[in-house]
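Visitor: My questions will all concern the structure given below.
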Amino acid sequence: MKHKAGFVAVIALVLATLGWNPFAARRDLSGLLVEDYSEFETGVERQPNGIFLVRALTRMPKVKAKMVRWWFADYMQTTEHYKRWHPTAHIWMDWENKVPGEVVGASHLVHEYIGPELAKLRIQFIPPEELLGEVEDRADRWIICARPGLLEEPINVATMCHIIRDMEWGAEMRSVFWMGDVGKREGNRVVPSLEGVIGNTFLARSLAVDETAAVYLMTHAIQEMGYLADFLPGLYAAETGEGAAR
């Protein structure tokens, strides 16, 4: 009986530390690339491996996917541009490894409020295939993915994608964040590390990321993309000479 109780205790400790399925895929990709709407478009949800899945659907009237690409890859260069994106939460920005007209390979260095806390982040943009697998290249859709990490320490703390698709009346953006996807970085590479092993346990994720933080991030995403939708069609038309979407 003592051996049985001890075995149960060990199993309970392992599950509490690693999660119900420690070998589960880190990222739930369901519903992200479907044409119709999924059952989970906006909200937060703790995954069996401890990651907090955060999703937000933003409708962007008169916007097109190419405008959002232009905003990230071409236009946004200064802190003033960045503040316009969210006047109360965005504080400062810079770029690292930025090439004009491109965003993959660059890192967006930012200070921004997510909820009441000031976050200092390095958001490294990566090919969508690294997170989503094979992705069809389409003129009516643009996908941008990244590994957000701490600006002042070489640690990534999440992964994320924005998926923008054209609609008759404008565009829709699906934003998804996997909070608690931890990795140590060297430059732009994620490298094996003790921090990654410990940080990706269920226990560590449960302690580091709670529902309040997930809701703050969801709210921030909805707000900043709402601000962007308000001014982007007019800005794009003024800067490029192309008419805003109808």
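Chains: A, B, ... in order of the structure tokens. Residues: from 1 per chain. Ligands: from 1, in order shown.
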From a DSSP pass on the backbone, collect the residues of range 169-242 of chain A flagged as strand (DSSP E) and hand them back as a PyMOL selection string.

Guide: chain A and resi 170-186+189-191

Visitor: With C-alpha atoms retained, export the selected residues as a PDB file, in the first residue's frame.

Guide:
```
ATOM      1  CA  GLY A 170     -12.211  45.628 -45.617  1.00  0.00           C
ATOM      2  CA  ALA A 171     -10.186  43.055 -43.681  1.00  0.00           C
ATOM      3  CA  GLU A 172     -10.226  40.851 -40.610  1.00  0.00           C
ATOM      4  CA  MET A 173      -7.259  40.144 -38.383  1.00  0.00           C
ATOM      5  CA  ARG A 174      -6.914  36.984 -36.339  1.00  0.00           C
ATOM      6  CA  SER A 175      -4.328  37.554 -33.635  1.00  0.00           C
ATOM      7  CA  VAL A 176      -3.036  34.582 -31.673  1.00  0.00           C
ATOM      8  CA  PHE A 177      -0.489  34.418 -28.868  1.00  0.00           C
ATOM      9  CA  TRP A 178       0.984  31.379 -27.141  1.00  0.00           C
ATOM     10  CA  MET A 179       2.060  32.787 -23.773  1.00  0.00           C
ATOM     11  CA  GLY A 180       4.664  30.691 -21.993  1.00  0.00           C
ATOM     12  CA  ASP A 181       6.498  29.386 -25.070  1.00  0.00           C
ATOM     13  CA  VAL A 182       9.940  29.947 -23.555  1.00  0.00           C
ATOM     14  CA  GLY A 183      13.376  29.788 -25.160  1.00  0.00           C
ATOM     15  CA  LYS A 184      16.830  31.210 -24.681  1.00  0.00           C
ATOM     16  CA  ARG A 185      18.125  33.101 -27.686  1.00  0.00           C
ATOM     17  CA  GLU A 186      21.531  33.845 -29.148  1.00  0.00           C
ATOM     18  CA  ARG A 189      18.508  31.691 -32.818  1.00  0.00           C
ATOM     19  CA  VAL A 190      16.656  29.788 -30.113  1.00  0.00           C
ATOM     20  CA  VAL A 191      19.199  27.521 -28.441  1.00  0.00           C
TER      21      VAL A 191
END
```

Visitor: Fewer than 6 positions away in the same chain doesn't count, so skip those; otherwise give me all residues within 9 Å of His220 in chain A, counting only C-alpha atoms, as number ranges by chain.

Guide: A: 86, 89, 113-115

Visitor: Please save C-alpha atoms of the selected residues as a short mmCIF file (atom, residue, chain, number, x, y, z; two decimals), in the first residue's frame.

Guide:
```
data_model
loop_
_atom_site.label_atom_id
_atom_site.label_comp_id
_atom_site.auth_asym_id
_atom_site.auth_seq_id
_atom_site.Cartn_x
_atom_site.Cartn_y
_atom_site.Cartn_z
CA HIS A 86 -1.84 52.96 -29.45
CA ALA A 89 0.04 52.18 -24.22
CA TYR A 113 1.99 48.96 -21.38
CA ILE A 114 0.11 45.67 -21.42
CA GLY A 115 -2.42 46.21 -18.68
#
```

Visitor: Between A:Ile51, A:Tyr37, A:Arg46, A:Pro61, which has the minimum distance to Gly234 in chain A (counting only C-alpha atoms)?

Guide: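 Of all the options, A:Pro61 lies closest to Gly234 in chain A.
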
Visitor: With a distance cut-off of 9 Å and only C-alpha atoms, select the neighbouring residues of His90 in chain A, excluding the residue or stretch itself and same-chain residues fewer than 5 positions from it, and output the selection as a list of chain:residue names.

Guide: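 Listed by chain and then number, they are A:Thr79, A:Tyr82, A:Lys83, A:Arg84, A:Trp85, A:Val110, A:His111, A:Glu112, A:Tyr113.
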
Visitor: I need the residues from that last selection saved to file as a PDB file, in the first residue's frame (with N, CA and C atoms), if you can.

Guide:
```pdb
ATOM      1  N   THR A  79       9.187  56.409 -33.056  1.00  0.00           N
ATOM      2  CA  THR A  79       8.351  56.308 -31.867  1.00  0.00           C
ATOM      3  C   THR A  79       7.027  57.026 -32.067  1.00  0.00           C
ATOM      4  N   TYR A  82       4.781  54.757 -33.825  1.00  0.00           N
ATOM      5  CA  TYR A  82       4.392  53.690 -32.902  1.00  0.00           C
ATOM      6  C   TYR A  82       3.344  54.168 -31.905  1.00  0.00           C
ATOM      7  N   LYS A  83       3.500  55.371 -31.405  1.00  0.00           N
ATOM      8  CA  LYS A  83       2.519  55.911 -30.458  1.00  0.00           C
ATOM      9  C   LYS A  83       1.155  56.097 -31.113  1.00  0.00           C
ATOM     10  N   ARG A  84       1.126  56.435 -32.372  1.00  0.00           N
ATOM     11  CA  ARG A  84      -0.158  56.591 -33.047  1.00  0.00           C
ATOM     12  C   ARG A  84      -0.925  55.280 -33.067  1.00  0.00           C
ATOM     13  N   TRP A  85      -0.198  54.164 -33.105  1.00  0.00           N
ATOM     14  CA  TRP A  85      -0.796  52.834 -33.134  1.00  0.00           C
ATOM     15  C   TRP A  85      -1.580  52.553 -31.854  1.00  0.00           C
ATOM     16  N   VAL A 110      10.546  47.454 -28.243  1.00  0.00           N
ATOM     17  CA  VAL A 110       9.451  48.317 -27.801  1.00  0.00           C
ATOM     18  C   VAL A 110       9.385  48.407 -26.282  1.00  0.00           C
ATOM     19  N   HIS A 111       8.861  49.538 -25.824  1.00  0.00           N
ATOM     20  CA  HIS A 111       8.354  49.705 -24.466  1.00  0.00           C
ATOM     21  C   HIS A 111       6.865  49.965 -24.610  1.00  0.00           C
ATOM     22  N   GLU A 112       6.026  49.142 -23.982  1.00  0.00           N
ATOM     23  CA  GLU A 112       4.591  49.329 -24.080  1.00  0.00           C
ATOM     24  C   GLU A 112       3.914  48.802 -22.818  1.00  0.00           C
ATOM     25  N   TYR A 113       2.793  49.439 -22.499  1.00  0.00           N
ATOM     26  CA  TYR A 113       1.989  48.961 -21.377  1.00  0.00           C
ATOM     27  C   TYR A 113       1.042  47.879 -21.870  1.00  0.00           C
TER      28      TYR A 113
END
```

Visitor: Of the residues A:Lys66, A:Arg55, A:Arg205, A:Lys120, which is the one nearest to Met160 in chain A, using only C-alpha atoms?

Guide: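 For Met160 in chain A, the nearest of the given residues is A:Arg55.
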
Visitor: Near Leu57 in chain A, within 10 Å and counting only C-alpha atoms, which residues show up once chain neighbours fewer than 3 positions away are dropped, as number ranges by chain?

Guide: A: 40-43, 60, 162-164, 172-176, 218, 221-222, 225

Visitor: In Å, with one decimal, what is the gap from CA of Gly226 in chain A to CA of Val135 in chain A?

Guide: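 Interatomic distance, CA of Gly226 in chain A to CA of Val135 in chain A: 25.9 Å.
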
Visitor: Mind the document's chain letters and residue numbers, and return as a VMD selection string the residues of range 150-230 of chain A that DSSP labels helix (DSSP H, G or I).

Guide: chain A and resid 194 to 199 202 to 208 211 to 230

Visitor: For the residues in that selection, give me C-alpha atoms as a compact mmCIF listing (two decimals), in the first residue's frame.

Guide:
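Full text of part-v6.txt as output:
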```
# COMPACT_ATOMS: atom_id res chain seq x y z
CA LEU A 194 18.12 25.02 -18.88
CA GLU A 195 15.89 28.09 -18.99
CA GLY A 196 13.94 26.56 -21.86
CA VAL A 197 13.55 23.19 -20.15
CA ILE A 198 12.37 24.68 -16.86
CA GLY A 199 10.38 27.52 -18.40
CA PHE A 202 3.46 23.20 -16.72
CA LEU A 203 4.40 24.43 -13.24
CA ALA A 204 6.63 27.23 -14.49
CA ARG A 205 4.04 28.35 -17.03
CA SER A 206 1.32 28.30 -14.38
CA LEU A 207 3.40 30.49 -12.08
CA ALA A 208 4.60 32.89 -14.78
CA GLU A 211 -5.49 34.50 -16.72
CA THR A 212 -5.32 38.18 -15.81
CA ALA A 213 -2.13 38.63 -17.84
CA ALA A 214 -3.71 36.75 -20.76
CA VAL A 215 -6.80 38.98 -20.69
CA TYR A 216 -4.59 42.09 -20.57
CA LEU A 217 -2.78 40.90 -23.70
CA MET A 218 -6.03 40.10 -25.53
CA THR A 219 -7.42 43.53 -24.66
CA HIS A 220 -4.23 45.25 -25.76
CA ALA A 221 -4.31 43.47 -29.13
CA ILE A 222 -7.94 44.44 -29.75
CA GLN A 223 -7.24 48.06 -28.81
CA GLU A 224 -4.10 48.58 -30.87
CA MET A 225 -5.51 46.91 -33.98
CA GLY A 226 -8.67 48.95 -33.56
CA TYR A 227 -6.61 52.16 -33.52
CA LEU A 228 -4.69 50.96 -36.58
CA ALA A 229 -7.91 50.23 -38.46
CA ASP A 230 -9.15 53.76 -37.79
```

Visitor: Of the candidates A:Arg27, A:His81, A:Arg69, A:Arg122, which one gets nearest to Arg147 in chain A if we count only C-alpha atoms?

Guide: A:Arg122

Visitor: To one decimal place in Å, what is the distance between CA of Leu109 in chain A and CA of Glu96 in chain A?

Guide: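 These two atoms are separated by 7.2 Å.
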
Visitor: Within 12 Å of Trp70 in chain A, counting only C-alpha atoms, which residues qualify if same-chain residues fewer than 5 places away don't, as a short mmCIF file (atom, residue, chain, number, x, y, z; two decimals) with N, CA and C atoms, in the first residue's frame?

Guide:
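So around.cif came out as:
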```
data_model
loop_
_atom_site.label_atom_id
_atom_site.label_comp_id
_atom_site.auth_asym_id
_atom_site.auth_seq_id
_atom_site.Cartn_x
_atom_site.Cartn_y
_atom_site.Cartn_z
N VAL A 63 -9.77 48.54 -44.63
CA VAL A 63 -8.37 48.11 -44.62
C VAL A 63 -8.22 46.91 -45.55
N LYS A 64 -7.04 46.75 -46.13
CA LYS A 64 -6.70 45.55 -46.87
C LYS A 64 -5.41 44.96 -46.31
N ALA A 65 -5.21 43.67 -46.54
CA ALA A 65 -4.03 42.99 -46.00
C ALA A 65 -2.75 43.68 -46.43
N TYR A 75 6.32 51.52 -43.41
CA TYR A 75 6.04 52.84 -42.85
C TYR A 75 6.53 53.04 -41.41
N MET A 76 6.22 52.12 -40.52
CA MET A 76 6.46 52.35 -39.09
C MET A 76 7.96 52.39 -38.78
N GLN A 77 8.46 53.60 -38.55
CA GLN A 77 9.89 53.78 -38.36
C GLN A 77 10.26 54.53 -37.08
N PRO A 100 14.52 47.88 -45.37
CA PRO A 100 13.34 48.52 -45.94
C PRO A 100 12.51 47.57 -46.80
N GLY A 101 11.21 47.56 -46.55
CA GLY A 101 10.30 46.73 -47.32
C GLY A 101 10.18 45.30 -46.83
N GLU A 102 10.94 44.94 -45.79
CA GLU A 102 10.90 43.59 -45.24
C GLU A 102 10.65 43.65 -43.74
N VAL A 103 10.13 42.56 -43.19
CA VAL A 103 9.96 42.51 -41.74
C VAL A 103 10.53 41.21 -41.16
N TRP A 142 -2.25 38.26 -45.58
CA TRP A 142 -0.86 38.43 -45.15
C TRP A 142 -0.73 37.90 -43.73
N ILE A 144 1.93 37.51 -40.41
CA ILE A 144 3.16 37.95 -39.76
C ILE A 144 3.27 37.21 -38.42
N LEU A 232 -5.39 53.73 -40.70
CA LEU A 232 -4.55 53.15 -41.75
C LEU A 232 -5.05 53.40 -43.17
N PRO A 233 -6.35 53.27 -43.48
CA PRO A 233 -6.76 53.51 -44.87
C PRO A 233 -6.41 54.91 -45.36
N LEU A 235 -4.07 56.99 -44.10
CA LEU A 235 -2.62 57.14 -44.14
C LEU A 235 -2.03 56.46 -45.36
N TYR A 236 -2.51 55.26 -45.64
CA TYR A 236 -2.00 54.51 -46.80
C TYR A 236 -2.27 55.27 -48.10
N ALA A 237 -3.48 55.81 -48.22
CA ALA A 237 -3.85 56.55 -49.42
C ALA A 237 -2.97 57.81 -49.57
N GLU A 239 0.06 58.38 -48.30
CA GLU A 239 1.47 58.11 -48.47
C GLU A 239 1.79 57.40 -49.78
N THR A 240 0.87 56.59 -50.29
CA THR A 240 1.16 55.80 -51.48
C THR A 240 0.45 56.31 -52.74
#
```

Visitor: Do you have the CA of Asp210 in chain A-CA of Ile91 in chain A distance handy?

Guide: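 Rounded to one decimal, the two atoms are 24.3 Å apart.
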